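To start, the structure under review is shown below, and the notes come after it.
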Amino acid sequence: MQGMRLVRRDAIEAAIAAGMRRSPAVVLLGPRQCGKTTLAQGIAAASARSEYFDLEKPADLARLANPELTLQPLRGLVVIDEVQRRKDLFPVLRTLLDRRPIPARFLLLGSASPELLAQSSETLAGRIAFVSMSGFSVTESGGGNATRLWQRGGFPRSFLARSDVDSHAWREDFIQTFLQRDLAQLGSRVPAPTMRRFWTMLAHLSGGILNSSEIGNSLGEAHTTVRRHLDVMSGALMVRVLQPWHANIGKRQLKSPKVYIRDSGLLHALLGIRTLADLQGHPKVGASWEGFVIEQLLAGPRPAEAYFWRTAAGAELDLLVNHRGRFTGVEMKYSDAPELTPSMRIAMTDLSLDRLLVVYPGAQRYRLAPHIEAVPLSEAMDQLS
Ligand SMILES: Nc1ncnc2c1ncn2[C@@H]1O[C@H](COP(=O)(O)OP(=O)(O)OP(=O)(O)O)[C@@H](O)[C@H]1O
Ligand SMILES: [Mg+2]
């Protein structure tokens, strides 16, 4: 992508800057290929003093053969990319982060590994701020590009590709590389073909309730194994697992989670959807749009707490977000003019919602009932940010 114009990522940059003001170190987590290195290099280039270590480069690894000696004298900003490759750095960092006054701040980059998160948060508790990122958001991609973003997904090279064909090919390659290389690096020993079948099943199920026994039956595996596959895929930030909300109102409620393929472009690749026309004619179009909106609403630098809600009696709510202590309900409707449904009223009452936003692909905001509004995606993003 030499020479291609960089898309600005102001919200993440601001979150990193805020994290750096609060803590001597920030851990930036995001899936493979979402733009972590590009962003960190930009931040380093804009800093008066900085040092960059990319632990995928043998030369940089060698420079850190004696990490204390190398890192101790550094001032300004120190970036360590692919930090999960040298977990033994964490104890060293702990000492460096406790120096006062703070001589250097650290930006640590990792591709979504659950161990990284667990390890660093244990060793560096109280000394680090976490910022998460994913592919481009609607805001970053430019408001007029929402449909393209939905179709191609937010990975920079998929979104910016010259044609739909190139974009699709990039995503196919990404899936292949992820299965053959990244999974192993995340510590998973599941064979690539098994994980591909599992991933594809999740794609068909996207937006639905996960029944691990059913999936286990079709994969020929125990439901506990299915849960482990799911942990790997959600730890790698490929899959979103939404837990059900248990309101204390005595109605029988569901316990299984809902699953979504996080990036809509990858969802489409897994489903064999190549063009916008394919997408619009596909039976999963509504589920795809629902997952896309959920990802846009939840994948900010500081993810909100979110659930879905469903009762045995059939009432349901796609998304329940705890935003600054307020409970907002969100329904996704892939329709030109969504209307008020009985389910929306029940959710309002049973969950004592402050408000309910019905997100639809249109451009106008309009009222459906007191505290219930149909809104475009951008409006919902503003209200929940
Ligand atoms: N803001 C951006 N604008 C345009 N292209 C971008 C942007 N960010 C990243 N890219 C492109 O996307 C690709 C992946 O970016 P990058 O290497 O920064 O991601 P990463 O998260 O560090 O990936 P990995 O996890 O594989 O190290 C690169 O080709 C890069 O040029
Ligand atoms: Mg990188």
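Naming scheme: A, B, ... for chains in displayed order of the structure tokens; residues 1 onward per chain; ligands 1 onward as shown.
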Original post:
How would you write, as a PyMOL selection string, the set of residues no farther than 10 Å from ligand 1 when counting only C-alpha atoms and all ligand atoms?
Top reply: chain A and resi 1-10+28-42+54+56+81-82+109-112+133-136+140-141+155-161+174+178+182
Subject >> Residues within 12 Å of Asp88 (chain A), only C-alpha atoms, excluding chain neighbours under 3 positions, as a PyMOL selection string >> reply: chain A and resi 64-68+83-85+91-94+116+119-120+123
Subject >> Nearest-residue call for Arg262 (chain A), choices A:Tyr334, A:Thr328, A:Gly153, A:Leu276, using only C-alpha atoms >> reply: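 Smallest distance to Arg262 (chain A) is found for A:Gly153.
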Original post:
Counting only C-alpha atoms, which of A:Asn211, A:Gln151, A:Gln180, A:Ser47 gets nearest to Asp278 (chain A)?
Top reply: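 Nearest to Asp278 (chain A): A:Gln151.
All residues within region 2-102 of chain A that the backbone DSSP calculation assigns to strand (DSSP E or B) are Ala25, Val26, Val27, Leu28, Leu29, Gly30, Ser50, Glu51, Tyr52, Phe53, Asp54, Gly76, Leu77, Val78, Val79, Ile80 and Asp81 of chain A.
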**OP:** For each of A:His168, A:Ser218, A:Ser132, A:Val293, take the minimum atom-to-atom distance to Leu271 (chain A), counting only C-alpha atoms, then give the residue where this is smallest.
**Re:**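 Looking only at the distances to Leu271 (chain A), the closest residue turns out to be A:His168.
The spacing separating CA of Ala25 (chain A) from CA of Asp98 (chain A) amounts to 10.5 Å.
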Region 64-306 of chain A: residues DSSP assigns to alpha helix (DSSP H), reported as an mmCIF file with C-alpha atoms, in the first residue's frame:
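Wrote it out as states-v3.cif, contents follow:
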data_model
loop_
_atom_site.group_PDB
_atom_site.id
_atom_site.type_symbol
_atom_site.label_atom_id
_atom_site.label_comp_id
_atom_site.auth_asym_id
_atom_site.auth_seq_id
_atom_site.Cartn_x
_atom_site.Cartn_y
_atom_site.Cartn_z
ATOM 1 C CA PRO A 67 16.236 -5.314 28.017
ATOM 2 C CA GLU A 68 16.942 -3.467 31.247
ATOM 3 C CA LEU A 69 20.204 -2.101 29.916
ATOM 4 C CA THR A 70 18.633 -1.020 26.625
ATOM 5 C CA LEU A 71 15.366 0.424 27.927
ATOM 6 C CA LEU A 89 9.702 -8.135 29.157
ATOM 7 C CA PHE A 90 6.769 -7.559 31.464
ATOM 8 C CA PRO A 91 8.642 -7.919 34.772
ATOM 9 C CA VAL A 92 11.339 -5.575 33.427
ATOM 10 C CA LEU A 93 8.711 -3.070 32.365
ATOM 11 C CA ARG A 94 7.192 -3.203 35.796
ATOM 12 C CA THR A 95 10.380 -1.785 37.318
ATOM 13 C CA LEU A 96 10.722 0.812 34.557
ATOM 14 C CA LEU A 97 7.138 1.998 34.970
ATOM 15 C CA PRO A 114 -5.827 -13.275 25.641
ATOM 16 C CA GLU A 115 -2.556 -14.267 27.298
ATOM 17 C CA LEU A 116 -1.093 -10.887 26.572
ATOM 18 C CA LEU A 117 -4.013 -9.263 28.247
ATOM 19 C CA ALA A 118 -3.904 -11.601 31.248
ATOM 20 C CA GLN A 119 -0.130 -11.505 31.654
ATOM 21 C CA SER A 120 0.342 -7.813 31.300
ATOM 22 C CA SER A 121 -2.632 -6.898 33.405
ATOM 23 C CA GLU A 122 -1.357 -9.106 36.211
ATOM 24 C CA THR A 123 2.240 -7.941 36.174
ATOM 25 C CA VAL A 138 -17.983 4.774 9.919
ATOM 26 C CA THR A 139 -16.588 8.043 11.270
ATOM 27 C CA GLU A 140 -13.060 7.254 10.103
ATOM 28 C CA SER A 141 -14.128 5.967 6.707
ATOM 29 C CA ALA A 146 -20.975 3.479 5.159
ATOM 30 C CA THR A 147 -22.306 1.059 2.551
ATOM 31 C CA ARG A 148 -18.848 0.274 1.261
ATOM 32 C CA LEU A 149 -17.605 -0.160 4.826
ATOM 33 C CA TRP A 150 -20.460 -2.563 5.532
ATOM 34 C CA GLN A 151 -19.839 -4.571 2.386
ATOM 35 C CA ARG A 152 -16.038 -4.735 2.567
ATOM 36 C CA PRO A 156 -7.769 -0.946 5.915
ATOM 37 C CA ARG A 157 -6.551 -2.981 2.962
ATOM 38 C CA SER A 158 -9.934 -4.541 2.356
ATOM 39 C CA PHE A 159 -11.791 -1.253 2.635
ATOM 40 C CA ASP A 164 -14.466 -5.489 -4.947
ATOM 41 C CA VAL A 165 -12.501 -8.345 -6.463
ATOM 42 C CA ASP A 166 -9.248 -7.160 -4.856
ATOM 43 C CA SER A 167 -11.008 -6.544 -1.566
ATOM 44 C CA HIS A 168 -12.522 -10.023 -1.524
ATOM 45 C CA ALA A 169 -9.178 -11.595 -2.448
ATOM 46 C CA TRP A 170 -7.458 -9.742 0.398
ATOM 47 C CA ARG A 171 -10.015 -11.086 2.876
ATOM 48 C CA GLU A 172 -9.626 -14.645 1.562
ATOM 49 C CA ASP A 173 -5.871 -14.318 2.101
ATOM 50 C CA PHE A 174 -6.400 -12.865 5.551
ATOM 51 C CA ILE A 175 -8.558 -15.837 6.552
ATOM 52 C CA GLN A 176 -5.999 -18.269 5.189
ATOM 53 C CA THR A 177 -3.085 -16.599 6.983
ATOM 54 C CA LEU A 183 -3.885 -19.186 15.330
ATOM 55 C CA ALA A 184 -0.743 -21.121 16.203
ATOM 56 C CA GLN A 185 0.873 -17.947 17.508
ATOM 57 C CA ALA A 192 -6.803 -25.090 10.280
ATOM 58 C CA PRO A 193 -9.551 -27.019 8.408
ATOM 59 C CA THR A 194 -11.479 -27.625 11.653
ATOM 60 C CA MET A 195 -11.278 -23.968 12.605
ATOM 61 C CA ARG A 196 -12.332 -22.909 9.128
ATOM 62 C CA ARG A 197 -15.448 -25.083 9.366
ATOM 63 C CA PHE A 198 -16.184 -23.698 12.805
ATOM 64 C CA TRP A 199 -15.678 -20.106 11.632
ATOM 65 C CA THR A 200 -17.923 -20.698 8.621
ATOM 66 C CA MET A 201 -20.604 -22.194 10.860
ATOM 67 C CA LEU A 202 -20.424 -19.118 13.067
ATOM 68 C CA ALA A 203 -20.815 -16.967 9.955
ATOM 69 C CA HIS A 204 -24.038 -18.764 9.043
ATOM 70 C CA LEU A 205 -25.174 -18.412 12.626
ATOM 71 C CA SER A 212 -22.665 -25.466 21.381
ATOM 72 C CA SER A 213 -24.117 -28.989 21.428
ATOM 73 C CA GLU A 214 -25.634 -28.563 17.975
ATOM 74 C CA ILE A 215 -22.388 -27.167 16.554
ATOM 75 C CA GLY A 216 -20.473 -29.900 18.356
ATOM 76 C CA ASN A 217 -22.649 -32.525 16.692
ATOM 77 C CA SER A 218 -21.988 -31.209 13.212
ATOM 78 C CA LEU A 219 -18.243 -30.850 13.896
ATOM 79 C CA HIS A 223 -19.664 -28.990 23.295
ATOM 80 C CA THR A 224 -16.814 -28.119 25.677
ATOM 81 C CA THR A 225 -14.422 -28.211 22.705
ATOM 82 C CA VAL A 226 -16.755 -25.908 20.804
ATOM 83 C CA ARG A 227 -16.604 -23.463 23.708
ATOM 84 C CA ARG A 228 -12.795 -23.559 23.574
ATOM 85 C CA HIS A 229 -12.805 -22.827 19.830
ATOM 86 C CA LEU A 230 -15.105 -19.931 20.560
ATOM 87 C CA ASP A 231 -12.753 -18.579 23.246
ATOM 88 C CA VAL A 232 -9.855 -18.683 20.798
ATOM 89 C CA MET A 233 -11.797 -16.835 18.105
ATOM 90 C CA SER A 234 -13.154 -14.194 20.446
ATOM 91 C CA GLY A 235 -9.736 -13.783 22.090
ATOM 92 C CA SER A 264 -18.668 -7.568 8.260
ATOM 93 C CA GLY A 265 -16.198 -7.989 5.389
ATOM 94 C CA LEU A 266 -14.910 -11.245 6.834
ATOM 95 C CA LEU A 267 -18.488 -12.371 7.417
ATOM 96 C CA HIS A 268 -19.219 -11.788 3.749
ATOM 97 C CA ALA A 269 -16.059 -13.593 2.631
ATOM 98 C CA LEU A 270 -16.983 -16.595 4.777
ATOM 99 C CA LEU A 271 -20.494 -16.587 3.300
ATOM 100 C CA LEU A 276 -23.238 -5.373 -2.827
ATOM 101 C CA ALA A 277 -25.855 -7.018 -5.046
ATOM 102 C CA ASP A 278 -24.936 -10.439 -3.596
ATOM 103 C CA LEU A 279 -25.299 -8.979 -0.128
ATOM 104 C CA GLN A 280 -28.655 -7.323 -0.738
ATOM 105 C CA VAL A 285 -28.507 -9.471 4.871
ATOM 106 C CA GLY A 286 -30.450 -8.427 7.987
ATOM 107 C CA ALA A 287 -28.124 -10.323 10.324
ATOM 108 C CA SER A 288 -25.113 -8.845 8.565
ATOM 109 C CA TRP A 289 -26.415 -5.323 8.971
ATOM 110 C CA GLU A 290 -27.251 -5.978 12.627
ATOM 111 C CA GLY A 291 -23.715 -7.238 13.307
ATOM 112 C CA PHE A 292 -22.194 -4.309 11.431
ATOM 113 C CA VAL A 293 -24.124 -1.784 13.514
ATOM 114 C CA ILE A 294 -23.301 -3.583 16.779
ATOM 115 C CA GLU A 295 -19.622 -3.545 15.903
ATOM 116 C CA GLN A 296 -19.736 0.145 15.057
ATOM 117 C CA LEU A 297 -21.470 0.924 18.341
ATOM 118 C CA LEU A 298 -19.245 -1.225 20.553
#
Subject >> Surrounding residues of region 99-106 of chain A excluding itself and chain neighbours under 4 positions, 7 Å, only C-alpha atoms, as a PyMOL selection string >> reply: chain A and resi 24-26+74-79
Let me see the file: selected residues, N, CA and C atoms, as an mmCIF file, in the first residue's frame.
data_model
loop_
_atom_site.group_PDB
_atom_site.id
_atom_site.type_symbol
_atom_site.label_atom_id
_atom_site.label_comp_id
_atom_site.auth_asym_id
_atom_site.auth_seq_id
_atom_site.Cartn_x
_atom_site.Cartn_y
_atom_site.Cartn_z
ATOM 1 N N PRO A 24 1.928 5.438 32.884
ATOM 2 C CA PRO A 24 3.221 5.425 32.179
ATOM 3 C C PRO A 24 3.239 4.482 30.972
ATOM 4 N N ALA A 25 2.208 3.636 30.842
ATOM 5 C CA ALA A 25 2.177 2.740 29.679
ATOM 6 C C ALA A 25 0.762 2.534 29.176
ATOM 7 N N VAL A 26 0.647 2.401 27.857
ATOM 8 C CA VAL A 26 -0.631 2.095 27.228
ATOM 9 C C VAL A 26 -0.448 0.816 26.418
ATOM 10 N N LEU A 74 16.364 5.186 28.036
ATOM 11 C CA LEU A 74 15.544 5.846 27.012
ATOM 12 C C LEU A 74 14.620 6.895 27.625
ATOM 13 N N ARG A 75 14.403 7.969 26.863
ATOM 14 C CA ARG A 75 13.517 9.058 27.292
ATOM 15 C C ARG A 75 12.461 9.277 26.221
ATOM 16 N N GLY A 76 11.362 9.926 26.611
ATOM 17 C CA GLY A 76 10.316 10.219 25.629
ATOM 18 C C GLY A 76 9.372 9.035 25.476
ATOM 19 N N LEU A 77 9.099 8.647 24.219
ATOM 20 C CA LEU A 77 8.155 7.555 23.944
ATOM 21 C C LEU A 77 8.903 6.313 23.484
ATOM 22 N N VAL A 78 8.569 5.181 24.105
ATOM 23 C CA VAL A 78 9.152 3.906 23.682
ATOM 24 C C VAL A 78 8.024 3.003 23.195
ATOM 25 N N VAL A 79 8.081 2.617 21.924
ATOM 26 C CA VAL A 79 7.061 1.721 21.368
ATOM 27 C C VAL A 79 7.632 0.314 21.291
#
**OP:** Take CA of Lys57 (chain A) and CA of Gly187 (chain A) and report the distance between them in Å, one decimal.
**Re:**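 So the answer is 20.4 Å.
Pairwise distance (CA of Val321 (chain A), CA of Gln243 (chain A)) equals 11.7 Å.
Each of A:Asp382, A:Thr341, A:Met332, A:Leu108 was checked against Val359 (chain A) using only C-alpha atoms; the smallest atom-to-atom distance is that of A:Met332.
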